[in-house]
Structure formats: C-alpha cells, structure tokens
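Colleague: I have a structure I would like to understand better, so I am pasting it below and will then ask my questions one at a time.
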Amino acid sequence: MRSRILVLGAGFGGLELATILSDALGEHAGVTLINDSDAFVFGYSKLDVMFGRVTADEVRLPYAAIEKPGVRFLRETVTAIDPEARMVTTDQGSHEAEILVVALGADYDLDATPGLATVGSEFYSFAGAQRLRDVLPTFTSGHAIVGVCGAPFKCPPAPSEAALLLHDYLSERGVRDDCSISLVIPFQTPVPPSPDTSAALLEAFSDRGIEFVAGRRVASLDPARNVAVLDDGTELPYDLFLGVPKHRAPAVVLESGMAVDGYVPVDSRTLETGFPNVYAVGDVATVGVPKAGVFSEGAARVVANALLARAEQRGQPDSYDGRGSCYVEFGGGEIGRVDVDFLSGPKPTGTFQEPSAELVAETRHFGASRRARWFGR
Ligand SMILES: Cc1cc2nc3c(=O)[nH]c(=O)nc-3n(C[C@H](O)[C@H](O)[C@H](O)COP(=O)(O)OP(=O)(O)OC[C@H]3O[C@@H](n4cnc5c(N)ncnc54)[C@H](O)[C@@H]3O)c2cc1C
C-alpha cells in the first residue's frame, strides 16, 4: 500500500502531526497513521490509575473515535522498517511512503534490570500501573522505594510525583506512620535544569519525611530477599517497589539500522534523520530534550510545518526550539509548573511556577484540549 505521509506511532507526536496536516489540508492530507494498540493513554494518567483515582476505562481514548479528513488510522504492529526504501512491514502487510515519520516512542527494557521482570512492579506502562493499583492496598507497613533503573526516562518529574502521591495515599489510609518512602534517582537533583523546581521538591520531600537518594539508579532487584541493589552496590530492603524501567527505542527501530546508542539521531532543528524524507519525532529520537509528551508534540509541529511549507512551495519554516512546560504534582491537590528551554542557550534552563489554583485549572485544560483536538471529544 502506498501512502503520501506514513506516520508510525499514534502517541503525542503522531497524533499532533496527523491533526495539523488534516486541519490544514483536509481530504488531501494523505496521512496513514499506524499504531499497535487500540487506545491512547496520557502518561500522567498512569499515576492516577496506580493510585486508584480513576479507572483504566476512564482514561483510555480509543483510536476508533478519530475521524479526521485525510487521515486513515490502521491498527497494525510495525515489524520492520527499511528507511532507505521508506518501506514498512507490519503484521498486516507492507506500506511504502513518500514521507516517513517515525514516532514510535520509547519502550521499556525490563531485562536490563535483573529481577525487575520477576517482581513486575513498574508503573511506567499502562499494564504495570494497573497491576500496582491492585498491590498498593495490600501495603500497610514497611519500606517503599520509588526507584529509577536508568536515564533517560520519560517525564523526569514523574518519579518525584509518584513519591509525593504515595505519601498522600498512605496518609489517607492512616498507615503513613508505619511506612517509610525512599526515592532513588540517577540525578543529583529532582529536576536538574530547574534549581527552583528541585528546591521546591526537596523541601516537599523533607516536609513529608521522604528520603531522596540522589545520583543513584537501581541496578537489580533480589526478589528472594526483597532487596534493591543500587549501582554503587548499596542494598536497600523494600516491602513495596514502584519502578521506572530502563528505556530504549522499540526493538523494531533498533533493528532498522536507524538507531545510534539506542535512539534515532536527528537534526535537532528539523527532526530529519540521515535518510532522505524520513523524520523521527518524540521519545524515539535523540534531540537533546527530555522524553516528554510536550516535546514530542513540539517536534511534530516542526515536521508538520515543514511538510506544509513543502506542499505550498514556501521556504523552510521555524526550526525546533526545544521549549516545553511540564506540570509537577506535589500532592494535596497542589500543582506547580516548570518551563524549560533546552536548545536556545548554551545549557538547558528552567523556570519554576509555584503551585496555584490557576495551574490546577491549566492541567485540566492540557488534557481536555488535546482530547478535543485529537479525538474530537
Ligand atoms: C508516569 C508518566 C507520567 C508522564 N507525565 C507526563 C506529563 O505530565 N507531561 C508530558 O508531557 N509527558 C508526560 N509523560 C511522558 C509522555 O507520556 C511521553 O513522553 C509521550 O507519550 C511521548 O510521545 P511520543 O509520541 O514520542 O511516543 P508515545 O506517546 O509513546 O507513542 C508511541 C506510540 O507508538 C506505538 N508503538 C510502539 N511500537 C509500535 C509498533 N511496533 N507498531 C505499532 N505501534 C507501535 C505505541 O503503542 C504508542 O502509542 C509521562 C510518562 C509517564 C510514564
């Protein structure tokens, strides 16, 4: 099957790209959007599901709802990518593209952390968050570890949020005094580009008696002894482990020859790969920005504008600026915001906005506006 624009992956990047092209070109957009699952789930919804604040069904956005002129959604699993020929094989057949956009996100490598697959307690996949939702009510005393197994990982504030929300969850159940919480993270501060955000988080940890173990990652778990082994050999016993697995590009991308050091290198201004008419956007690419939906979306906008400029025979539009805003949940209904800029200066910078009622409303708008734009509801 031949497509004008073939987009692999319907996450933040793929959905935003397909939406912009459909809005601009209508029936002439010529987009085929391929994804293996039948529904989209916002990353932050995994925390809500794990802590039982919403049900899994409430946060699933079925792709069947997408009705966009010029966009054909196919539920297929990509099994091979030939970037030279822009040929893609799936479990249903093969696709040839004039323009290929790889937006397959980052996958999890549980085997990279011995013991993690056996313990099975990670909250970064939707299935993992649902499993932990059923485990959490059984935890009433002992030591809980929120542990990161490798960097880079998606949404750098998310492990800090998980530790703070765990504090609330245990307090609400009246068992907080019988439990201790440690956060293990391979950074020196919770959000390195923003000292103010990090200071606010460290203060929140200290106020709530959460231990912050800086500059370490969980290297392995020993399920027989319930012990997490850190990369310096330190052993931390646990009664509950909430893990962030090591990330990597999906296997089909690694096998395609497009990846270098685990991800797809791109020109960070244009998102072009080294292969003509092949782009990579979002978590699957090495751009020099964090792995987060807002950055995937921003990269998709740049590619969409470039494709529109090409269709309209205009010059190259603005290049990618690597800016994005992430909301940070402190617990107790408090939400702050960090605005980060990764590419315009000599080093990344971040500005912190204190938690406020306006930011709570803004987060709601963040999800609702995307749901409306991408899914029409
Ligand atoms: C707990 C948690 C909290 C988060 N909170 C936030 C937040 O508050 N703000 C924020 O901006 N980001 C947040 N994120 C990060 C955000 O979810 C990701 O960075 C974002 O989804 C990346 O977008 P993407 O389009 O690059 O990839 P994805 O959204 O991961 O999309 C990739 C798509 O490709 C599909 N796919 C993969 N392999 C195949 C294949 N072989 N065949 C077909 N389809 C395939 C996948 O099913 C997926 O739908 C959070 C993540 C987590 C885990």
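Identifiers for the structure tokens are assigned positionally: chains receive A, B, ... in sequence, residues are indexed from 1 per chain, and ligands are indexed from 1 in the order shown.
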Any idea what's packed within 9 Å of A:Gly257, counting only C-alpha atoms, ignoring anything in its chain fewer than 5 positions away? Could you give it as a CSV table (one decimal) with C-alpha atoms, in the first residue's frame?

Modeller:
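Output saved as part-v3.csv:
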```
chain,number,residue,atom,x,y,z
A,81,ILE,CA,11.3,-0.5,8.8
A,82,ASP,CA,13.5,0.0,5.7
A,83,PRO,CA,14.4,3.7,6.0
```

Colleague: As a quick test: using only C-alpha atoms and all ligand atoms, which residues lie no more than 6 Å away from ligand 1? Give them as a ChimeraX atom specification.

Modeller: /A:9-14,34-37,42-44,46-47,76-79,103-106,124,154-155,158,250,252,282-284,291-294,296,326-327

Colleague: Can you write out the residues you just picked, keeping N, CA and C atoms, as a CSV table (one decimal), in the first residue's frame?

Modeller:
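Now in selection.csv:
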```csv
chain,number,residue,atom,x,y,z
A,9,GLY,N,3.2,5.3,14.8
A,9,GLY,CA,3.0,5.6,16.2
A,9,GLY,C,2.0,6.7,16.4
A,10,ALA,N,0.9,6.5,17.1
A,10,ALA,CA,-0.1,7.5,17.4
A,10,ALA,C,-0.1,7.9,18.8
A,11,GLY,N,1.1,8.4,19.3
A,11,GLY,CA,1.2,9.0,20.6
A,11,GLY,C,1.1,10.5,20.5
A,12,PHE,N,1.7,11.2,21.4
A,12,PHE,CA,1.7,12.7,21.4
A,12,PHE,C,2.2,13.2,20.0
A,13,GLY,N,3.3,12.6,19.5
A,13,GLY,CA,3.9,13.1,18.3
A,13,GLY,C,3.0,12.8,17.1
A,14,GLY,N,2.7,11.5,16.9
A,14,GLY,CA,1.9,11.1,15.7
A,14,GLY,C,0.6,11.7,15.7
A,34,ILE,N,-0.3,4.7,11.8
A,34,ILE,CA,-0.3,3.2,12.3
A,34,ILE,C,0.1,3.2,13.8
A,35,ASN,N,-0.7,2.4,14.5
A,35,ASN,CA,-0.4,2.1,15.9
A,35,ASN,C,-0.8,0.7,16.3
A,36,ASP,N,0.0,0.1,17.2
A,36,ASP,CA,-0.3,-1.3,17.6
A,36,ASP,C,-1.5,-1.4,18.6
A,37,SER,N,-1.7,-0.4,19.5
A,37,SER,CA,-2.7,-0.6,20.5
A,37,SER,C,-4.0,0.1,20.0
A,42,PHE,N,-2.8,9.1,28.2
A,42,PHE,CA,-1.8,10.1,28.6
A,42,PHE,C,-0.9,9.5,29.7
A,43,GLY,N,0.4,9.9,29.6
A,43,GLY,CA,1.4,9.3,30.5
A,43,GLY,C,1.0,9.6,32.0
A,44,TYR,N,0.5,10.8,32.3
A,44,TYR,CA,0.2,11.2,33.7
A,44,TYR,C,-1.0,10.4,34.2
A,46,LYS,N,-1.3,7.3,34.1
A,46,LYS,CA,-0.8,6.1,34.8
A,46,LYS,C,-0.7,6.3,36.3
A,47,LEU,N,-0.3,7.5,36.7
A,47,LEU,CA,-0.2,7.7,38.1
A,47,LEU,C,-1.6,7.7,38.7
A,76,GLU,N,-2.1,-1.7,13.4
A,76,GLU,CA,-1.2,-2.7,13.0
A,76,GLU,C,0.1,-2.6,13.8
A,77,THR,N,0.8,-3.7,13.9
A,77,THR,CA,2.1,-3.7,14.6
A,77,THR,C,3.2,-3.6,13.5
A,78,VAL,N,4.0,-2.6,13.7
A,78,VAL,CA,5.2,-2.5,12.7
A,78,VAL,C,6.2,-3.5,13.1
A,79,THR,N,6.6,-4.3,12.1
A,79,THR,CA,7.6,-5.4,12.4
A,79,THR,C,8.9,-5.2,11.7
A,103,ALA,N,7.5,7.8,14.9
A,103,ALA,CA,7.1,8.4,16.2
A,103,ALA,C,6.6,7.3,17.1
A,104,LEU,N,7.5,6.3,17.2
A,104,LEU,CA,7.2,5.1,18.0
A,104,LEU,C,7.5,5.1,19.5
A,105,GLY,N,7.9,6.3,19.9
A,105,GLY,CA,8.1,6.5,21.4
A,105,GLY,C,9.3,5.7,21.9
A,106,ALA,N,9.4,5.6,23.3
A,106,ALA,CA,10.4,4.8,23.9
A,106,ALA,C,9.7,3.6,24.6
A,124,TYR,N,5.4,2.6,34.7
A,124,TYR,CA,5.5,3.4,33.5
A,124,TYR,C,4.7,2.8,32.4
A,154,LYS,N,11.2,8.8,30.7
A,154,LYS,CA,10.1,9.8,30.4
A,154,LYS,C,9.7,10.7,31.6
A,155,CYS,N,9.4,11.9,31.3
A,155,CYS,CA,8.8,12.8,32.2
A,155,CYS,C,9.6,12.9,33.5
A,158,ALA,N,8.2,12.7,37.0
A,158,ALA,CA,7.1,11.7,37.4
A,158,ALA,C,7.5,10.9,38.6
A,250,PRO,N,11.9,1.2,20.6
A,250,PRO,CA,11.3,-0.1,20.4
A,250,PRO,C,12.2,-1.0,19.5
A,252,VAL,N,11.8,-2.8,17.0
A,252,VAL,CA,11.8,-2.6,15.5
A,252,VAL,C,12.6,-1.5,15.0
A,282,GLY,N,9.8,12.9,18.8
A,282,GLY,CA,9.4,12.4,20.1
A,282,GLY,C,10.4,11.5,20.8
A,283,ASP,N,9.9,10.7,21.7
A,283,ASP,CA,10.8,9.9,22.6
A,283,ASP,C,11.8,9.0,21.8
A,284,VAL,N,11.4,8.6,20.6
A,284,VAL,CA,12.2,7.7,19.8
A,284,VAL,C,13.5,8.3,19.3
A,291,LYS,N,12.5,13.3,27.5
A,291,LYS,CA,11.4,12.5,26.9
A,291,LYS,C,10.1,12.8,27.6
A,292,ALA,N,9.3,13.7,26.9
A,292,ALA,CA,8.0,14.1,27.5
A,292,ALA,C,7.1,14.4,26.3
A,293,GLY,N,5.8,14.3,26.6
A,293,GLY,CA,4.8,14.5,25.5
A,293,GLY,C,4.9,15.9,24.9
A,294,VAL,N,5.1,16.9,25.8
A,294,VAL,CA,5.1,18.3,25.3
A,294,VAL,C,6.2,18.5,24.2
A,296,SER,N,7.5,15.9,22.3
A,296,SER,CA,7.1,15.2,21.1
A,296,SER,C,6.2,16.0,20.3
A,326,CYS,N,6.2,21.5,31.8
A,326,CYS,CA,5.7,20.3,32.5
A,326,CYS,C,5.1,20.7,33.8
A,327,TYR,N,3.9,20.1,34.1
A,327,TYR,CA,3.3,20.3,35.4
A,327,TYR,C,3.9,19.3,36.4
```

Colleague: Would you please give, as a PyMOL selection string, all residues of stretch 62-167 of chain A that DSSP assigns to alpha helix (DSSP H) based on the backbone?

Modeller: chain A and resi 116-119+126-135+158-167

Colleague: Do a neighbour search on A:Pro186 at 6 Å with only C-alpha atoms, toss out local chain neighbours closer than 2 positions, and write the hits as a VMD selection string.

Modeller: chain A and resid 215 to 217

Colleague: Restrict the selected residues to N, CA and C atoms and save them as a CSV table (one decimal), in the first residue's frame.

Modeller:
```csv
chain,number,residue,atom,x,y,z
A,215,GLY,N,21.6,10.7,42.6
A,215,GLY,CA,22.8,10.2,41.8
A,215,GLY,C,23.0,8.7,41.8
A,216,ARG,N,21.9,8.0,42.0
A,216,ARG,CA,22.0,6.5,42.0
A,216,ARG,C,20.8,6.0,41.2
A,217,ARG,N,21.1,4.8,40.6
A,217,ARG,CA,20.0,4.1,39.9
A,217,ARG,C,19.9,2.7,40.5
```

Colleague: Counting only C-alpha atoms, which residue out of A:Asn277, A:Ser319, A:Ser22, A:Ser356 sits closest to A:Ile66?

Modeller: A:Ser22

Colleague: Looking at only C-alpha atoms, which of A:Gly315, A:Gly367, A:Pro157, A:Gly331 is the one that sits closest to A:Pro355?

Modeller: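 Counting only C-alpha atoms, the residue closest to A:Pro355 is A:Gly331.
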
Colleague: Which is closest to A:Gly209 among A:Cys179, A:Leu236, A:Val264, A:Ala162, if we use only C-alpha atoms?

Modeller: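 So, comparing all the options, the nearest one is A:Cys179.
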
Colleague: What does the distance from atom CA of A:Ser94 to atom CA of A:Ala80 come to in Å, to one decimal?

Modeller: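 Value for the atom CA of A:Ser94-atom CA of A:Ala80 distance: 9.2 Å.
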
Colleague: What are the closest atom pairs, with distances in Å to one decimal, for all residues of stretch 55-85 of chain A lying within 8 Å of stretch 25-29 of chain A? Consider only C-alpha atoms, order rows by chain and residue number, and present the result as CSV.

Modeller:
```
residue,atom,partner,partner_atom,distance
A:Lys68,CA,A:Gly26,CA,7.8
A:Pro69,CA,A:Glu27,CA,4.8
A:Gly70,CA,A:Glu27,CA,4.0
A:Val71,CA,A:Ala29,CA,6.8
```

Colleague: Would you export the selected residues with C-alpha atoms as a CSV table (one decimal), in the first residue's frame, please?

Modeller:
```csv
chain,number,residue,atom,x,y,z
A,68,LYS,CA,-10.1,13.3,10.5
A,69,PRO,CA,-10.3,14.2,6.9
A,70,GLY,CA,-7.3,12.9,5.0
A,71,VAL,CA,-6.2,10.6,7.9
```

Colleague: Which polymer residues have any atom within 6 Å of an atom of A:Pro193, counting only C-alpha atoms, with same-chain residues fewer than 3 positions away left out, as a compact mmCIF listing (two decimals) with C-alpha atoms, in the first residue's frame?

Modeller:
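What follows is the written file out22.txt:
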```txt
# COMPACT_ATOMS: atom_id res chain seq x y z
CA PRO A 348 19.31 23.97 29.50
CA THR A 349 17.41 26.37 31.73
CA GLY A 350 14.16 26.04 33.67
```

Colleague: Could you jot down the atom CA of A:Phe342 to atom CA of A:Gly322 separation for me, Å, one decimal place?

Modeller: 5.1 Å

Colleague: Mind pulling up the distance from atom CA of A:Gly243 to atom CA of A:Asp134?

Modeller: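 Atom CA of A:Asp134 sits 15.3 Å away from atom CA of A:Gly243.
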
Colleague: Do a neighbour search on A:Glu334 at 12 Å with only C-alpha atoms, toss out local chain neighbours closer than 3 positions, and write the hits as a VMD selection string.

Modeller: chain A and resid 161 164 to 165 168 200 to 201 204 327 to 331 337 353 to 361 363

Colleague: What's the 12 Å shell around A:Phe275, counting only C-alpha atoms, without same-chain residues fewer than 4 positions away, as a ChimeraX atom specification?

Modeller: /A:82-86,99-102,256-259,264-267,271,279-280

Colleague: Any chance you can output those residues with N, CA and C atoms as a PDB file, in the first residue's frame?

Modeller:
```pdb
ATOM      1  N   ASP A  82      12.398  -0.191   6.637  1.00  0.00           N
ATOM      2  CA  ASP A  82      13.548  -0.008   5.750  1.00  0.00           C
ATOM      3  C   ASP A  82      13.606   1.485   5.430  1.00  0.00           C
ATOM      4  N   PRO A  83      14.448   2.241   6.150  1.00  0.00           N
ATOM      5  CA  PRO A  83      14.430   3.704   5.984  1.00  0.00           C
ATOM      6  C   PRO A  83      14.965   4.152   4.621  1.00  0.00           C
ATOM      7  N   GLU A  84      15.856   3.353   3.993  1.00  0.00           N
ATOM      8  CA  GLU A  84      16.386   3.722   2.662  1.00  0.00           C
ATOM      9  C   GLU A  84      15.251   3.730   1.655  1.00  0.00           C
ATOM     10  N   ALA A  85      14.457   2.646   1.668  1.00  0.00           N
ATOM     11  CA  ALA A  85      13.380   2.495   0.685  1.00  0.00           C
ATOM     12  C   ALA A  85      12.068   3.095   1.175  1.00  0.00           C
ATOM     13  N   ARG A  86      12.031   3.557   2.437  1.00  0.00           N
ATOM     14  CA  ARG A  86      10.797   4.024   3.100  1.00  0.00           C
ATOM     15  C   ARG A  86       9.698   2.971   2.961  1.00  0.00           C
ATOM     16  N   ILE A  99       6.866  10.081   2.330  1.00  0.00           N
ATOM     17  CA  ILE A  99       7.498  10.668   3.524  1.00  0.00           C
ATOM     18  C   ILE A  99       7.185   9.767   4.708  1.00  0.00           C
ATOM     19  N   LEU A 100       8.214   9.413   5.434  1.00  0.00           N
ATOM     20  CA  LEU A 100       8.036   8.507   6.576  1.00  0.00           C
ATOM     21  C   LEU A 100       8.369   9.252   7.870  1.00  0.00           C
ATOM     22  N   VAL A 101       7.459   9.193   8.836  1.00  0.00           N
ATOM     23  CA  VAL A 101       7.719   9.820  10.138  1.00  0.00           C
ATOM     24  C   VAL A 101       7.666   8.728  11.203  1.00  0.00           C
ATOM     25  N   VAL A 102       8.777   8.543  11.887  1.00  0.00           N
ATOM     26  CA  VAL A 102       8.849   7.518  12.941  1.00  0.00           C
ATOM     27  C   VAL A 102       8.573   8.212  14.270  1.00  0.00           C
ATOM     28  N   SER A 256      16.181  -1.597  12.699  1.00  0.00           N
ATOM     29  CA  SER A 256      16.062  -0.959  11.376  1.00  0.00           C
ATOM     30  C   SER A 256      17.367  -0.334  10.902  1.00  0.00           C
ATOM     31  N   GLY A 257      18.334  -0.228  11.792  1.00  0.00           N
ATOM     32  CA  GLY A 257      19.589   0.431  11.423  1.00  0.00           C
ATOM     33  C   GLY A 257      19.508   1.941  11.575  1.00  0.00           C
ATOM     34  N   MET A 258      18.379   2.452  12.072  1.00  0.00           N
ATOM     35  CA  MET A 258      18.248   3.915  12.216  1.00  0.00           C
ATOM     36  C   MET A 258      18.845   4.403  13.533  1.00  0.00           C
ATOM     37  N   ALA A 259      18.940   3.522  14.521  1.00  0.00           N
ATOM     38  CA  ALA A 259      19.321   3.961  15.865  1.00  0.00           C
ATOM     39  C   ALA A 259      20.836   3.984  16.068  1.00  0.00           C
ATOM     40  N   VAL A 264      17.124   7.298  17.711  1.00  0.00           N
ATOM     41  CA  VAL A 264      17.364   7.727  16.331  1.00  0.00           C
ATOM     42  C   VAL A 264      17.954   9.140  16.313  1.00  0.00           C
ATOM     43  N   PRO A 265      19.183   9.287  15.809  1.00  0.00           N
ATOM     44  CA  PRO A 265      19.744  10.641  15.753  1.00  0.00           C
ATOM     45  C   PRO A 265      19.030  11.477  14.674  1.00  0.00           C
ATOM     46  N   VAL A 266      18.751  12.733  15.011  1.00  0.00           N
ATOM     47  CA  VAL A 266      18.110  13.639  14.051  1.00  0.00           C
ATOM     48  C   VAL A 266      18.802  14.994  14.097  1.00  0.00           C
ATOM     49  N   ASP A 267      18.560  15.780  13.045  1.00  0.00           N
ATOM     50  CA  ASP A 267      18.957  17.186  13.084  1.00  0.00           C
ATOM     51  C   ASP A 267      17.981  17.853  14.062  1.00  0.00           C
ATOM     52  N   LEU A 271      14.361  17.766  12.715  1.00  0.00           N
ATOM     53  CA  LEU A 271      13.909  16.403  13.018  1.00  0.00           C
ATOM     54  C   LEU A 271      14.114  15.442  11.835  1.00  0.00           C
ATOM     55  N   TYR A 279      11.722  11.281   8.877  1.00  0.00           N
ATOM     56  CA  TYR A 279      11.827  12.088  10.095  1.00  0.00           C
ATOM     57  C   TYR A 279      11.636  11.181  11.311  1.00  0.00           C
ATOM     58  N   ALA A 280      12.152  11.623  12.459  1.00  0.00           N
ATOM     59  CA  ALA A 280      11.848  10.925  13.722  1.00  0.00           C
ATOM     60  C   ALA A 280      11.484  11.992  14.744  1.00  0.00           C
TER      61      ALA A 280
END
```

Colleague: Stretch 38-156 of chain A: which residues are strand (DSSP E) by DSSP, as a ChimeraX atom specification?

Modeller: /A:39-40,61-62,71-75,78-82,87-90,93-102,107-108,142-148

Colleague: Please provide the set of residues having any atom within 8 Å of A:Pro190, restricted to only C-alpha atoms, with same-chain residues fewer than 2 positions apart removed, written as a list of chain:residue names.

Modeller: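 Residues meeting the cut-off are A:Pro156, A:Pro157, A:Ser160, A:Ile185, A:Phe187, A:Gln188, A:Pro192, A:Thr197, A:Ser198, A:Leu201, A:Leu202.
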
Colleague: Kindly indicate which residue among A:Val88, A:Val184, A:Leu221, A:Ala304 lies nearest to A:Ala112, using only C-alpha atoms for the distances.

Modeller: A:Leu221

Colleague: Which residue out of A:Met1, A:Phe241, A:Pro114, A:Ala285 has the minimum interatomic distance to A:Gln92 when only C-alpha atoms are used?

Modeller: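 Ranking A:Met1, A:Phe241, A:Pro114, A:Ala285 by distance to A:Gln92, first place goes to A:Met1.
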
Colleague: Rank nothing, just name the residue among A:Ala219, A:Ala39, A:Ala228, A:Val340 nearest to A:Pro290, using only C-alpha atoms.

Modeller: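 Nearest to A:Pro290: A:Val340.
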